[in-house]
>>> print(open('input_30.pdb').read())   # PDB, C-alpha atoms, pLDDT in the B column
ATOM      1  CA  MET A   5     -26.272 -14.094  -3.971  1.00 54.00           C
ATOM      2  CA  SER A   6     -22.681 -12.849  -3.564  1.00 65.00           C
ATOM      3  CA  LYS A   7     -20.708 -13.678  -0.449  1.00 81.00           C
ATOM      4  CA  SER A   8     -19.045 -10.886   1.540  1.00 87.00           C
ATOM      5  CA  ILE A   9     -15.305 -11.396   1.792  1.00 92.00           C
ATOM      6  CA  LEU A  10     -14.636  -8.404   4.102  1.00 93.00           C
ATOM      7  CA  GLU A  11     -16.976  -6.579   6.455  1.00 93.00           C
ATOM      8  CA  ALA A  12     -16.374  -3.531   8.627  1.00 93.00           C
ATOM      9  CA  LYS A  13     -18.884  -2.867  11.388  1.00 94.00           C
ATOM     10  CA  ASP A  14     -19.282   0.508  13.110  1.00 93.00           C
ATOM     11  CA  LEU A  15     -15.567   1.404  13.026  1.00 94.00           C
ATOM     12  CA  ARG A  16     -14.546   4.379  15.128  1.00 93.00           C
ATOM     13  CA  VAL A  17     -11.156   5.974  15.720  1.00 93.00           C
ATOM     14  CA  ALA A  18      -9.944   9.494  16.516  1.00 91.00           C
ATOM     15  CA  PHE A  19      -6.528  11.162  16.374  1.00 90.00           C
ATOM     16  CA  ASN A  20      -5.984  13.972  18.884  1.00 87.00           C
ATOM     17  CA  GLY A  21      -9.728  14.381  19.181  1.00 85.00           C
ATOM     18  CA  VAL A  22     -10.354  14.471  15.418  1.00 87.00           C
ATOM     19  CA  LYS A  23     -12.730  11.719  14.311  1.00 89.00           C
ATOM     20  CA  ALA A  24     -11.140   9.876  11.378  1.00 88.00           C
ATOM     21  CA  ALA A  25     -13.780   7.129  11.361  1.00 86.00           C
ATOM     22  CA  ASP A  26     -17.134   7.664  13.036  1.00 88.00           C
ATOM     23  CA  GLY A  27     -19.330   4.596  12.773  1.00 89.00           C
ATOM     24  CA  VAL A  28     -18.128   3.380   9.360  1.00 90.00           C
ATOM     25  CA  SER A  29     -19.592   0.111   8.071  1.00 93.00           C
ATOM     26  CA  LEU A  30     -19.135  -1.627   4.732  1.00 91.00           C
ATOM     27  CA  ALA A  31     -19.188  -5.025   3.065  1.00 93.00           C
ATOM     28  CA  ILE A  32     -17.131  -6.087   0.036  1.00 93.00           C
ATOM     29  CA  ASP A  33     -18.484  -8.962  -2.005  1.00 91.00           C
ATOM     30  CA  GLU A  34     -16.329 -11.524  -3.767  1.00 90.00           C
ATOM     31  CA  GLY A  35     -15.402 -10.403  -7.277  1.00 88.00           C
ATOM     32  CA  GLU A  36     -16.381  -6.788  -6.635  1.00 92.00           C
ATOM     33  CA  PHE A  37     -14.453  -3.624  -7.560  1.00 93.00           C
ATOM     34  CA  LEU A  38     -15.528  -1.140  -4.875  1.00 93.00           C
ATOM     35  CA  ALA A  39     -14.421   2.509  -5.012  1.00 94.00           C
ATOM     36  CA  VAL A  40     -14.161   4.738  -1.935  1.00 92.00           C
ATOM     37  CA  ILE A  41     -14.479   8.473  -2.584  1.00 92.00           C
ATOM     38  CA  GLY A  42     -14.616  11.599  -0.443  1.00 89.00           C
ATOM     39  CA  PRO A  43     -12.794  14.886   0.183  1.00 86.00           C
ATOM     40  CA  ASN A  44      -9.300  15.110   1.626  1.00 86.00           C
ATOM     41  CA  GLY A  45      -9.314  14.388   5.349  1.00 83.00           C
ATOM     42  CA  SER A  46     -12.547  12.387   5.277  1.00 85.00           C
ATOM     43  CA  GLY A  47     -10.848   9.205   6.497  1.00 86.00           C
ATOM     44  CA  LYS A  48     -10.446   7.152   3.311  1.00 89.00           C
ATOM     45  CA  THR A  49      -6.866   6.049   3.987  1.00 90.00           C
ATOM     46  CA  THR A  50      -7.729   5.530   7.649  1.00 90.00           C
ATOM     47  CA  LEU A  51     -10.438   3.108   6.533  1.00 91.00           C
ATOM     48  CA  LEU A  52      -7.846   1.081   4.603  1.00 91.00           C
ATOM     49  CA  ASN A  53      -5.512   1.188   7.603  1.00 91.00           C
ATOM     50  CA  LEU A  54      -8.275  -0.076   9.886  1.00 93.00           C
ATOM     51  CA  CYS A  55      -9.074  -2.947   7.532  1.00 92.00           C
ATOM     52  CA  THR A  56      -5.423  -4.016   7.219  1.00 92.00           C
ATOM     53  CA  GLY A  57      -4.287  -3.713  10.832  1.00 91.00           C
ATOM     54  CA  TYR A  58      -2.134  -0.590  10.547  1.00 92.00           C
ATOM     55  CA  VAL A  59      -4.585   1.272  12.813  1.00 91.00           C
ATOM     56  CA  LYS A  60      -6.674  -0.292  15.570  1.00 94.00           C
ATOM     57  CA  PRO A  61     -10.193   1.068  16.052  1.00 93.00           C
ATOM     58  CA  SER A  62     -11.392   2.354  19.421  1.00 93.00           C
ATOM     59  CA  SER A  63     -14.573   0.384  18.724  1.00 93.00           C
ATOM     60  CA  GLY A  64     -16.070  -1.716  15.959  1.00 93.00           C
ATOM     61  CA  ASN A  65     -14.916  -4.845  14.153  1.00 93.00           C
ATOM     62  CA  VAL A  66     -13.383  -6.009  10.889  1.00 94.00           C
ATOM     63  CA  LEU A  67     -14.376  -9.472   9.667  1.00 95.00           C
ATOM     64  CA  LEU A  68     -12.692 -11.540   6.967  1.00 94.00           C
ATOM     65  CA  ASP A  69     -14.832 -14.477   5.837  1.00 92.00           C
ATOM     66  CA  GLY A  70     -16.846 -13.959   9.011  1.00 91.00           C
ATOM     67  CA  GLN A  71     -13.774 -14.211  11.275  1.00 93.00           C
ATOM     68  CA  ASP A  72     -12.769 -11.254  13.442  1.00 94.00           C
ATOM     69  CA  ILE A  73      -9.374  -9.851  12.356  1.00 95.00           C
ATOM     70  CA  THR A  74      -9.686  -6.472  14.113  1.00 94.00           C
ATOM     71  CA  ARG A  75      -6.723  -6.918  16.460  1.00 91.00           C
ATOM     72  CA  LEU A  76      -4.446  -8.892  14.146  1.00 93.00           C
ATOM     73  CA  SER A  77      -1.155  -7.437  12.902  1.00 92.00           C
ATOM     74  CA  PRO A  78      -0.781  -6.304   9.265  1.00 90.00           C
ATOM     75  CA  ARG A  79       1.452  -9.340   8.624  1.00 87.00           C
ATOM     76  CA  ALA A  80      -1.143 -11.743  10.005  1.00 91.00           C
ATOM     77  CA  ILE A  81      -3.885 -10.129   7.918  1.00 92.00           C
ATOM     78  CA  THR A  82      -1.716 -10.370   4.804  1.00 88.00           C
ATOM     79  CA  GLN A  83      -1.139 -14.055   5.499  1.00 86.00           C
ATOM     80  CA  ARG A  84      -4.916 -14.513   5.505  1.00 90.00           C
ATOM     81  CA  GLY A  85      -5.163 -13.201   1.948  1.00 90.00           C
ATOM     82  CA  VAL A  86      -5.513  -9.414   2.153  1.00 92.00           C
ATOM     83  CA  ALA A  87      -2.866  -7.367   0.309  1.00 88.00           C
ATOM     84  CA  ARG A  88      -2.310  -3.622   0.335  1.00 86.00           C
ATOM     85  CA  ALA A  89      -0.802  -1.213  -2.170  1.00 82.00           C
ATOM     86  CA  PHE A  90       0.010   2.267  -0.902  1.00 75.00           C
ATOM     87  CA  GLN A  91      -0.385   5.746  -2.375  1.00 70.00           C
ATOM     88  CA  ILE A  92       3.407   6.008  -2.596  1.00 71.00           C
ATOM     89  CA  PRO A  93       4.901   2.797  -4.070  1.00 69.00           C
ATOM     90  CA  GLN A  94       6.734   0.729  -1.450  1.00 76.00           C
ATOM     91  CA  LEU A  95       9.632  -0.649  -3.494  1.00 80.00           C
ATOM     92  CA  PHE A  96      13.326  -1.417  -3.164  1.00 80.00           C
ATOM     93  CA  SER A  97      14.068   1.486  -5.479  1.00 82.00           C
ATOM     94  CA  ASP A  98      17.761   0.735  -5.958  1.00 85.00           C
ATOM     95  CA  GLN A  99      17.057  -2.863  -6.987  1.00 87.00           C
ATOM     96  CA  ARG A 100      15.947  -4.213 -10.342  1.00 90.00           C
ATOM     97  CA  VAL A 101      12.277  -4.719 -11.107  1.00 90.00           C
ATOM     98  CA  ILE A 102      12.744  -8.506 -11.288  1.00 90.00           C
ATOM     99  CA  ASP A 103      14.486  -8.505  -7.896  1.00 87.00           C
ATOM    100  CA  ASN A 104      11.534  -6.707  -6.268  1.00 88.00           C
ATOM    101  CA  MET A 105       9.230  -9.369  -7.647  1.00 87.00           C
ATOM    102  CA  MET A 106      11.415 -12.302  -6.577  1.00 86.00           C
ATOM    103  CA  LEU A 107      11.781 -10.868  -3.061  1.00 84.00           C
ATOM    104  CA  ALA A 108       7.993 -10.703  -2.746  1.00 83.00           C
ATOM    105  CA  LEU A 109       7.586 -14.256  -4.027  1.00 84.00           C
ATOM    106  CA  ALA A 110      10.298 -15.515  -1.681  1.00 81.00           C
ATOM    107  CA  ALA A 111       8.680 -13.756   1.274  1.00 75.00           C
ATOM    108  CA  ASN A 112       5.362 -15.352   0.395  1.00 68.00           C
ATOM    109  CA  ASP A 113       6.683 -18.914   0.186  1.00 67.00           C
ATOM    110  CA  GLY A 114       8.881 -18.451   3.276  1.00 63.00           C
ATOM    111  CA  LEU A 115      11.707 -20.414   1.694  1.00 55.00           C
ATOM    112  CA  TRP A 116      14.324 -17.709   1.246  1.00 51.00           C
ATOM    113  CA  THR A 117      17.121 -17.105   3.732  1.00 53.00           C
ATOM    114  CA  MET A 118      20.538 -15.525   3.420  1.00 52.00           C
ATOM    115  CA  VAL A 119      22.056 -18.928   2.625  1.00 49.00           C
ATOM    116  CA  ARG A 120      19.512 -19.832  -0.065  1.00 59.00           C
ATOM    117  CA  PRO A 121      19.511 -18.300  -3.548  1.00 62.00           C
ATOM    118  CA  LEU A 122      16.851 -15.720  -4.282  1.00 69.00           C
ATOM    119  CA  ASP A 123      17.051 -16.134  -8.048  1.00 67.00           C
ATOM    120  CA  ARG A 124      15.670 -19.595  -8.817  1.00 72.00           C
ATOM    121  CA  VAL A 125      14.353 -20.673 -12.193  1.00 76.00           C
ATOM    122  CA  ASP A 126      10.795 -21.302 -10.986  1.00 77.00           C
ATOM    123  CA  ARG A 127      10.680 -18.049  -9.024  1.00 81.00           C
ATOM    124  CA  ARG A 128      12.057 -16.024 -11.945  1.00 84.00           C
ATOM    125  CA  GLN A 129       9.474 -17.539 -14.288  1.00 85.00           C
ATOM    126  CA  GLU A 130       6.649 -16.682 -11.907  1.00 85.00           C
ATOM    127  CA  ALA A 131       7.992 -13.143 -11.482  1.00 88.00           C
ATOM    128  CA  LEU A 132       8.227 -12.640 -15.259  1.00 88.00           C
ATOM    129  CA  ALA A 133       4.680 -13.961 -15.707  1.00 87.00           C
ATOM    130  CA  LEU A 134       3.357 -11.430 -13.170  1.00 86.00           C
ATOM    131  CA  LEU A 135       5.286  -8.596 -14.798  1.00 89.00           C
ATOM    132  CA  ALA A 136       3.896  -9.564 -18.195  1.00 87.00           C
ATOM    133  CA  LEU A 137       0.396  -9.528 -16.726  1.00 82.00           C
ATOM    134  CA  PHE A 138       0.874  -5.838 -15.911  1.00 81.00           C
ATOM    135  CA  GLY A 139       2.624  -4.954 -19.170  1.00 82.00           C
ATOM    136  CA  LEU A 140       6.007  -4.705 -17.443  1.00 84.00           C
ATOM    137  CA  GLY A 141       7.631  -7.660 -19.180  1.00 83.00           C
ATOM    138  CA  ASP A 142      10.306  -5.496 -20.828  1.00 86.00           C
ATOM    139  CA  ASP A 143      11.238  -3.711 -17.592  1.00 87.00           C
ATOM    140  CA  GLY A 144      12.624  -6.656 -15.606  1.00 85.00           C
ATOM    141  CA  ASN A 145      16.272  -5.562 -15.649  1.00 88.00           C
ATOM    142  CA  ARG A 146      15.615  -1.881 -15.067  1.00 90.00           C
ATOM    143  CA  ILE A 147      16.379  -0.302 -11.702  1.00 92.00           C
ATOM    144  CA  SER A 148      13.007   0.364 -10.100  1.00 87.00           C
ATOM    145  CA  SER A 149      13.698   4.049  -9.438  1.00 89.00           C
ATOM    146  CA  THR A 150      14.138   4.683 -13.176  1.00 90.00           C
ATOM    147  CA  LEU A 151      10.604   3.594 -14.064  1.00 87.00           C
ATOM    148  CA  PRO A 152       7.948   6.199 -14.938  1.00 85.00           C
ATOM    149  CA  GLU A 153       5.542   6.771 -12.060  1.00 81.00           C
ATOM    150  CA  GLY A 154       2.748   4.803 -13.714  1.00 80.00           C
ATOM    151  CA  HIS A 155       5.000   1.771 -14.090  1.00 85.00           C
ATOM    152  CA  ARG A 156       6.211   2.137 -10.498  1.00 84.00           C
ATOM    153  CA  LYS A 157       2.574   2.025  -9.369  1.00 83.00           C
ATOM    154  CA  LEU A 158       1.943  -1.096 -11.432  1.00 85.00           C
ATOM    155  CA  LEU A 159       5.096  -2.730 -10.066  1.00 86.00           C
ATOM    156  CA  ASP A 160       3.971  -1.990  -6.506  1.00 86.00           C
ATOM    157  CA  ILE A 161       0.632  -3.672  -7.238  1.00 84.00           C
ATOM    158  CA  ALA A 162       2.359  -6.603  -8.944  1.00 86.00           C
ATOM    159  CA  VAL A 163       4.469  -7.041  -5.796  1.00 86.00           C
ATOM    160  CA  ALA A 164       1.241  -7.125  -3.762  1.00 84.00           C
ATOM    161  CA  LEU A 165      -0.200  -9.763  -6.091  1.00 83.00           C
ATOM    162  CA  ALA A 166       2.919 -11.879  -5.625  1.00 82.00           C
ATOM    163  CA  LEU A 167       1.548 -12.549  -2.131  1.00 81.00           C
ATOM    164  CA  LYS A 168      -1.367 -14.370  -3.824  1.00 84.00           C
ATOM    165  CA  PRO A 169      -4.130 -12.416  -2.052  1.00 87.00           C
ATOM    166  CA  ARG A 170      -7.870 -12.834  -2.489  1.00 90.00           C
ATOM    167  CA  LEU A 171      -8.552  -9.192  -1.688  1.00 93.00           C
ATOM    168  CA  LEU A 172      -6.487  -6.188  -2.749  1.00 92.00           C
ATOM    169  CA  LEU A 173      -6.808  -2.725  -1.165  1.00 92.00           C
ATOM    170  CA  LEU A 174      -5.450   0.179  -3.217  1.00 90.00           C
ATOM    171  CA  ASP A 175      -4.860   3.719  -1.986  1.00 87.00           C
ATOM    172  CA  GLU A 176      -5.241   6.145  -4.923  1.00 86.00           C
ATOM    173  CA  PRO A 177      -3.685   3.984  -7.659  1.00 83.00           C
ATOM    174  CA  THR A 178      -3.616   6.933 -10.114  1.00 82.00           C
ATOM    175  CA  SER A 179      -2.184   9.484  -7.656  1.00 81.00           C
ATOM    176  CA  GLY A 180       0.934  11.179  -9.052  1.00 78.00           C
ATOM    177  CA  VAL A 181       0.371   9.645 -12.479  1.00 77.00           C
ATOM    178  CA  SER A 182       0.033  11.872 -15.541  1.00 80.00           C
ATOM    179  CA  ALA A 183      -3.362  12.228 -17.218  1.00 80.00           C
ATOM    180  CA  LEU A 184      -2.057  10.300 -20.217  1.00 81.00           C
ATOM    181  CA  GLU A 185      -0.964   7.369 -18.018  1.00 80.00           C
ATOM    182  CA  ARG A 186      -4.079   7.040 -15.866  1.00 84.00           C
ATOM    183  CA  PHE A 187      -6.337   5.017 -18.110  1.00 87.00           C
ATOM    184  CA  PRO A 188      -3.568   2.725 -19.471  1.00 83.00           C
ATOM    185  CA  LEU A 189      -2.558   2.084 -15.845  1.00 82.00           C
ATOM    186  CA  MET A 190      -6.115   1.249 -14.825  1.00 87.00           C
ATOM    187  CA  GLU A 191      -6.666  -0.943 -17.885  1.00 86.00           C
ATOM    188  CA  ALA A 192      -3.559  -2.969 -17.005  1.00 85.00           C
ATOM    189  CA  LEU A 193      -4.566  -3.140 -13.346  1.00 84.00           C
ATOM    190  CA  MET A 194      -8.173  -4.160 -13.902  1.00 87.00           C
ATOM    191  CA  GLY A 195      -7.210  -6.661 -16.573  1.00 85.00           C
ATOM    192  CA  ALA A 196      -4.799  -8.316 -14.152  1.00 84.00           C
ATOM    193  CA  LEU A 197      -7.387  -8.405 -11.360  1.00 86.00           C
ATOM    194  CA  ARG A 198     -10.023  -9.922 -13.639  1.00 87.00           C
ATOM    195  CA  GLN A 199      -7.614 -12.564 -14.882  1.00 84.00           C
ATOM    196  CA  ARG A 200      -6.755 -13.494 -11.296  1.00 83.00           C
ATOM    197  CA  LYS A 201     -10.475 -13.347 -10.315  1.00 86.00           C
ATOM    198  CA  MET A 202      -9.668 -11.010  -7.452  1.00 87.00           C
ATOM    199  CA  THR A 203     -11.725  -8.657  -5.325  1.00 92.00           C
ATOM    200  CA  ALA A 204     -10.531  -5.075  -4.911  1.00 92.00           C
ATOM    201  CA  LEU A 205     -11.328  -1.939  -2.936  1.00 93.00           C
ATOM    202  CA  PHE A 206      -9.705   1.265  -4.156  1.00 91.00           C
ATOM    203  CA  VAL A 207      -9.606   4.837  -2.910  1.00 91.00           C
ATOM    204  CA  GLU A 208      -9.723   7.306  -5.799  1.00 89.00           C
ATOM    205  CA  HIS A 209     -10.216  11.038  -6.451  1.00 88.00           C
ATOM    206  CA  ASP A 210     -10.517  10.870 -10.247  1.00 87.00           C
ATOM    207  CA  MET A 211     -14.240  10.589 -10.921  1.00 91.00           C
ATOM    208  CA  ASP A 212     -13.657   9.520 -14.535  1.00 90.00           C
ATOM    209  CA  VAL A 213     -11.666   6.551 -13.229  1.00 89.00           C
ATOM    210  CA  VAL A 214     -14.350   5.759 -10.662  1.00 92.00           C
ATOM    211  CA  ALA A 215     -17.168   5.984 -13.234  1.00 92.00           C
ATOM    212  CA  ARG A 216     -15.357   3.697 -15.671  1.00 92.00           C
ATOM    213  CA  TYR A 217     -14.033   0.995 -13.340  1.00 91.00           C
ATOM    214  CA  ALA A 218     -16.016   0.814 -10.099  1.00 92.00           C
ATOM    215  CA  MET A 219     -18.915  -1.618  -9.771  1.00 92.00           C
ATOM    216  CA  ARG A 220     -20.105   0.216  -6.649  1.00 93.00           C
ATOM    217  CA  VAL A 221     -19.090   3.430  -4.869  1.00 93.00           C
ATOM    218  CA  LEU A 222     -18.817   4.138  -1.144  1.00 91.00           C
ATOM    219  CA  VAL A 223     -18.896   7.828  -0.194  1.00 89.00           C
TER     220      VAL A 223
END
>>> encode(input="input_30.pdb", output="structure tokens")
Amino acid sequence: MSKSILEAKDLRVAFNGVKAADGVSLAIDEGEFLAVIGPNGSGKTTLLNLCTGYVKPSSGNVLLDGQDITRLSPRAITQRGVARAFQIPQLFSDQRVIDNMMLALAANDGLWTMVRPLDRVDRRQEALALLALFGLGDDGNRISSTLPEGHRKLLDIAVALALKPRLLLLDEPTSGVSALERFPLMEALMGALRQRKMTALFVEHDMDVVARYAMRVLV
């Protein structure tokens, strides 16, 4: 029997009287790829925000490995092994791809300060290995803003994986990506997650993507 890594219990929150979550409950099992679908405005992104500390519920709880994380900050939740990739990639767009990766790795190990070098041999090797995992091995020296949107999405997810999470939450990974890029992007993403033996929850509107990659669907 699979073990639940994240549970949400009866989450409720409203914005200016509009109910964005009204008694939402879910459980994500280890190793699962769970898709969340629904029309615009149904609260999908709010659900991710509630699970990662960006929004606090008016009632209900979020549990990680059975421990209540409902009132923790996003940083504290990340430190416990939950990473988040956003609908719009959150990158240092004027920096090189490799620099984005090394910054994430340095932030994760807590060893980088202004008086310590960011570019170390071991850190660069780890960054290049992660980029290769996502098919971005040839893009290391490119400025991030010059990447095609599909590659920017993959880089954003690679940055999230640099934090060494157990659970990854993705908000519309194929949003803004051309039809030709969607399935190559998802193949690279899912291959990387399987290799790292990670659990993932992703919000998605493309039903072809959901049908092909989700193990279970939450509506």
>>> residues_around(input="input_30.pdb", residues="Val223 in chain A", least_positions_apart="6", cutoff="9 Å", atoms="only C-alpha atoms", output="PyMOL selection string")
chain A and resi 39-42
>>> residues_around(input="input_30.pdb", residues="Glu130 in chain A", least_positions_apart="6", cutoff="9 Å", atoms="all atoms listed in the file", output="PDB file with C-alpha atoms, in the frame of the given file")
ATOM      1  CA  MET A 105       9.230  -9.369  -7.647  1.00 87.00           C
ATOM      2  CA  MET A 106      11.415 -12.302  -6.577  1.00 86.00           C
ATOM      3  CA  LEU A 109       7.586 -14.256  -4.027  1.00 84.00           C
ATOM      4  CA  ALA A 166       2.919 -11.879  -5.625  1.00 82.00           C
TER       5      ALA A 166
END
>>> atom_distance(input="input_30.pdb", atom1="CA of Ala31 in chain A", atom2="CA of Glu191 in chain A")
24.7 Å
>>> resolve_selection(input="input_30.pdb", expression="the PyMOL selection byres ((chain A and resi 7-14) around 7)", output="short mmCIF file (atom, residue, chain, number, x, y, z; two decimals) with C-alpha atoms, in the frame of the given file")
data_model
loop_
_atom_site.label_atom_id
_atom_site.label_comp_id
_atom_site.auth_asym_id
_atom_site.auth_seq_id
_atom_site.Cartn_x
_atom_site.Cartn_y
_atom_site.Cartn_z
CA MET A 5 -26.27 -14.09 -3.97
CA SER A 6 -22.68 -12.85 -3.56
CA LEU A 15 -15.57 1.40 13.03
CA ARG A 16 -14.55 4.38 15.13
CA GLY A 27 -19.33 4.60 12.77
CA VAL A 28 -18.13 3.38 9.36
CA SER A 29 -19.59 0.11 8.07
CA LEU A 30 -19.14 -1.63 4.73
CA ALA A 31 -19.19 -5.03 3.06
CA ILE A 32 -17.13 -6.09 0.04
CA ASP A 33 -18.48 -8.96 -2.00
CA GLU A 34 -16.33 -11.52 -3.77
CA GLY A 64 -16.07 -1.72 15.96
CA ASN A 65 -14.92 -4.84 14.15
CA VAL A 66 -13.38 -6.01 10.89
CA LEU A 67 -14.38 -9.47 9.67
CA LEU A 68 -12.69 -11.54 6.97
CA ASP A 69 -14.83 -14.48 5.84
#
>>> resolve_selection(input="input_30.pdb", expression="the PyMOL selection byres ((chain A and resi 141-143) around 12)", output="ChimeraX atom specification")
/A:100-105,128-140,144-152,155-156,158-159,162
>>> write_last_selection(input="input_30.pdb", atoms="C-alpha atoms", output="short mmCIF file (atom, residue, chain, number, x, y, z; two decimals), in the frame of the given file")
data_model
loop_
_atom_site.label_atom_id
_atom_site.label_comp_id
_atom_site.auth_asym_id
_atom_site.auth_seq_id
_atom_site.Cartn_x
_atom_site.Cartn_y
_atom_site.Cartn_z
CA ARG A 100 15.95 -4.21 -10.34
CA VAL A 101 12.28 -4.72 -11.11
CA ILE A 102 12.74 -8.51 -11.29
CA ASP A 103 14.49 -8.51 -7.90
CA ASN A 104 11.53 -6.71 -6.27
CA MET A 105 9.23 -9.37 -7.65
CA ARG A 128 12.06 -16.02 -11.94
CA GLN A 129 9.47 -17.54 -14.29
CA GLU A 130 6.65 -16.68 -11.91
CA ALA A 131 7.99 -13.14 -11.48
CA LEU A 132 8.23 -12.64 -15.26
CA ALA A 133 4.68 -13.96 -15.71
CA LEU A 134 3.36 -11.43 -13.17
CA LEU A 135 5.29 -8.60 -14.80
CA ALA A 136 3.90 -9.56 -18.20
CA LEU A 137 0.40 -9.53 -16.73
CA PHE A 138 0.87 -5.84 -15.91
CA GLY A 139 2.62 -4.95 -19.17
CA LEU A 140 6.01 -4.70 -17.44
CA GLY A 144 12.62 -6.66 -15.61
CA ASN A 145 16.27 -5.56 -15.65
CA ARG A 146 15.62 -1.88 -15.07
CA ILE A 147 16.38 -0.30 -11.70
CA SER A 148 13.01 0.36 -10.10
CA SER A 149 13.70 4.05 -9.44
CA THR A 150 14.14 4.68 -13.18
CA LEU A 151 10.60 3.59 -14.06
CA PRO A 152 7.95 6.20 -14.94
CA HIS A 155 5.00 1.77 -14.09
CA ARG A 156 6.21 2.14 -10.50
CA LEU A 158 1.94 -1.10 -11.43
CA LEU A 159 5.10 -2.73 -10.07
CA ALA A 162 2.36 -6.60 -8.94
#
>>> resolve_selection(input="input_30.pdb", expression="the PyMOL selection byres ((chain A and resi 193-205) around 6)", output="JSON, numbers by chain")
{"A": [34, 35, 36, 37, 38, 39, 137, 170, 171, 172, 173, 190, 191, 192, 206]}
>>> residues_around(input="input_30.pdb", residues="Ala164 in chain A", least_positions_apart="5", cutoff="9 Å", atoms="all atoms listed in the file", output="list in words")
Ala87, Arg88, Ala89, Ala108, Leu159, Pro169 and Leu172 of chain A
>>> closest_residue(input="input_30.pdb", among="A:Ala24, A:Val59, A:Gly47, A:Val86", to="Leu165 in chain A", atoms="all atoms listed in the file")
A:Val86
>>> atom_distance(input="input_30.pdb", atom1="CA of Val125 in chain A", atom2="CA of Leu107 in chain A")
13.6 Å
>>> closest_residue(input="input_30.pdb", among="A:Ile92, A:Lys60, A:Phe19, A:Arg220", to="Asp175 in chain A", atoms="all atoms listed in the file")
A:Ile92
>>> atom_distance(input="input_30.pdb", atom1="CA of Asn44 in chain A", atom2="CA of Pro188 in chain A")
25.1 Å
>>> closest_residue(input="input_30.pdb", among="A:Ala25, A:Met211, A:Tyr217, A:Thr82", to="Gly45 in chain A", atoms="all atoms listed in the file")
A:Ala25
>>> closest_residue(input="input_30.pdb", among="A:Leu95, A:Leu76, A:Asn20, A:Cys55", to="Leu174 in chain A", atoms="all atoms listed in the file")
A:Cys55
>>> closest_residue(input="input_30.pdb", among="A:Leu54, A:Phe96, A:Arg186, A:Ala110", to="Arg127 in chain A", atoms="only C-alpha atoms")
A:Ala110
>>> axis_aligned_box(input="input_30.pdb", around="range 8-21 of chain A", padding_each_side="6 Å", output="lines of an AutoDock Vina configuration file")
center_x = -12.6
center_y = 1.5
center_z = 10.4
size_x = 25.3
size_y = 37.8
size_z = 29.6
>>> closest_residue(input="input_30.pdb", among="A:Lys48, A:Glu208, A:Gln71, A:Ala183", to="Arg84 in chain A", atoms="only C-alpha atoms")
A:Gln71
>>> build_atoms(input="input_30.pdb", residues="range 61-71 of chain A", atoms="N, CA, C and O atoms", output="short mmCIF file (atom, residue, chain, number, x, y, z; two decimals), in the frame of the given file")
data_model
loop_
_atom_site.label_atom_id
_atom_site.label_comp_id
_atom_site.auth_asym_id
_atom_site.auth_seq_id
_atom_site.Cartn_x
_atom_site.Cartn_y
_atom_site.Cartn_z
N PRO A 61 -9.05 0.21 15.72
CA PRO A 61 -10.19 1.07 16.05
C PRO A 61 -10.41 1.14 17.56
O PRO A 61 -10.07 0.21 18.30
N SER A 62 -11.00 2.25 18.01
CA SER A 62 -11.39 2.35 19.42
C SER A 62 -12.63 1.50 19.68
O SER A 62 -12.85 1.04 20.80
N SER A 63 -13.44 1.29 18.63
CA SER A 63 -14.57 0.38 18.72
C SER A 63 -14.94 -0.07 17.32
O SER A 63 -14.54 0.53 16.33
N GLY A 64 -15.70 -1.15 17.24
CA GLY A 64 -16.07 -1.72 15.96
C GLY A 64 -15.22 -2.93 15.62
O GLY A 64 -14.25 -3.25 16.33
N ASN A 65 -15.58 -3.60 14.53
CA ASN A 65 -14.92 -4.84 14.15
C ASN A 65 -14.69 -4.92 12.65
O ASN A 65 -15.44 -4.35 11.86
N VAL A 66 -13.65 -5.67 12.29
CA VAL A 66 -13.38 -6.01 10.89
C VAL A 66 -13.42 -7.52 10.78
O VAL A 66 -12.75 -8.23 11.56
N LEU A 67 -14.21 -8.03 9.85
CA LEU A 67 -14.38 -9.47 9.67
C LEU A 67 -13.90 -9.88 8.28
O LEU A 67 -14.22 -9.23 7.28
N LEU A 68 -13.12 -10.95 8.22
CA LEU A 68 -12.69 -11.54 6.97
C LEU A 68 -13.27 -12.95 6.90
O LEU A 68 -12.98 -13.78 7.77
N ASP A 69 -14.13 -13.19 5.93
CA ASP A 69 -14.83 -14.48 5.84
C ASP A 69 -15.56 -14.80 7.14
O ASP A 69 -15.60 -15.95 7.58
N GLY A 70 -16.09 -13.77 7.79
CA GLY A 70 -16.85 -13.96 9.01
C GLY A 70 -16.01 -14.09 10.26
O GLY A 70 -16.56 -14.16 11.37
N GLN A 71 -14.66 -14.09 10.12
CA GLN A 71 -13.77 -14.21 11.28
C GLN A 71 -13.22 -12.84 11.67
O GLN A 71 -12.80 -12.06 10.80
#
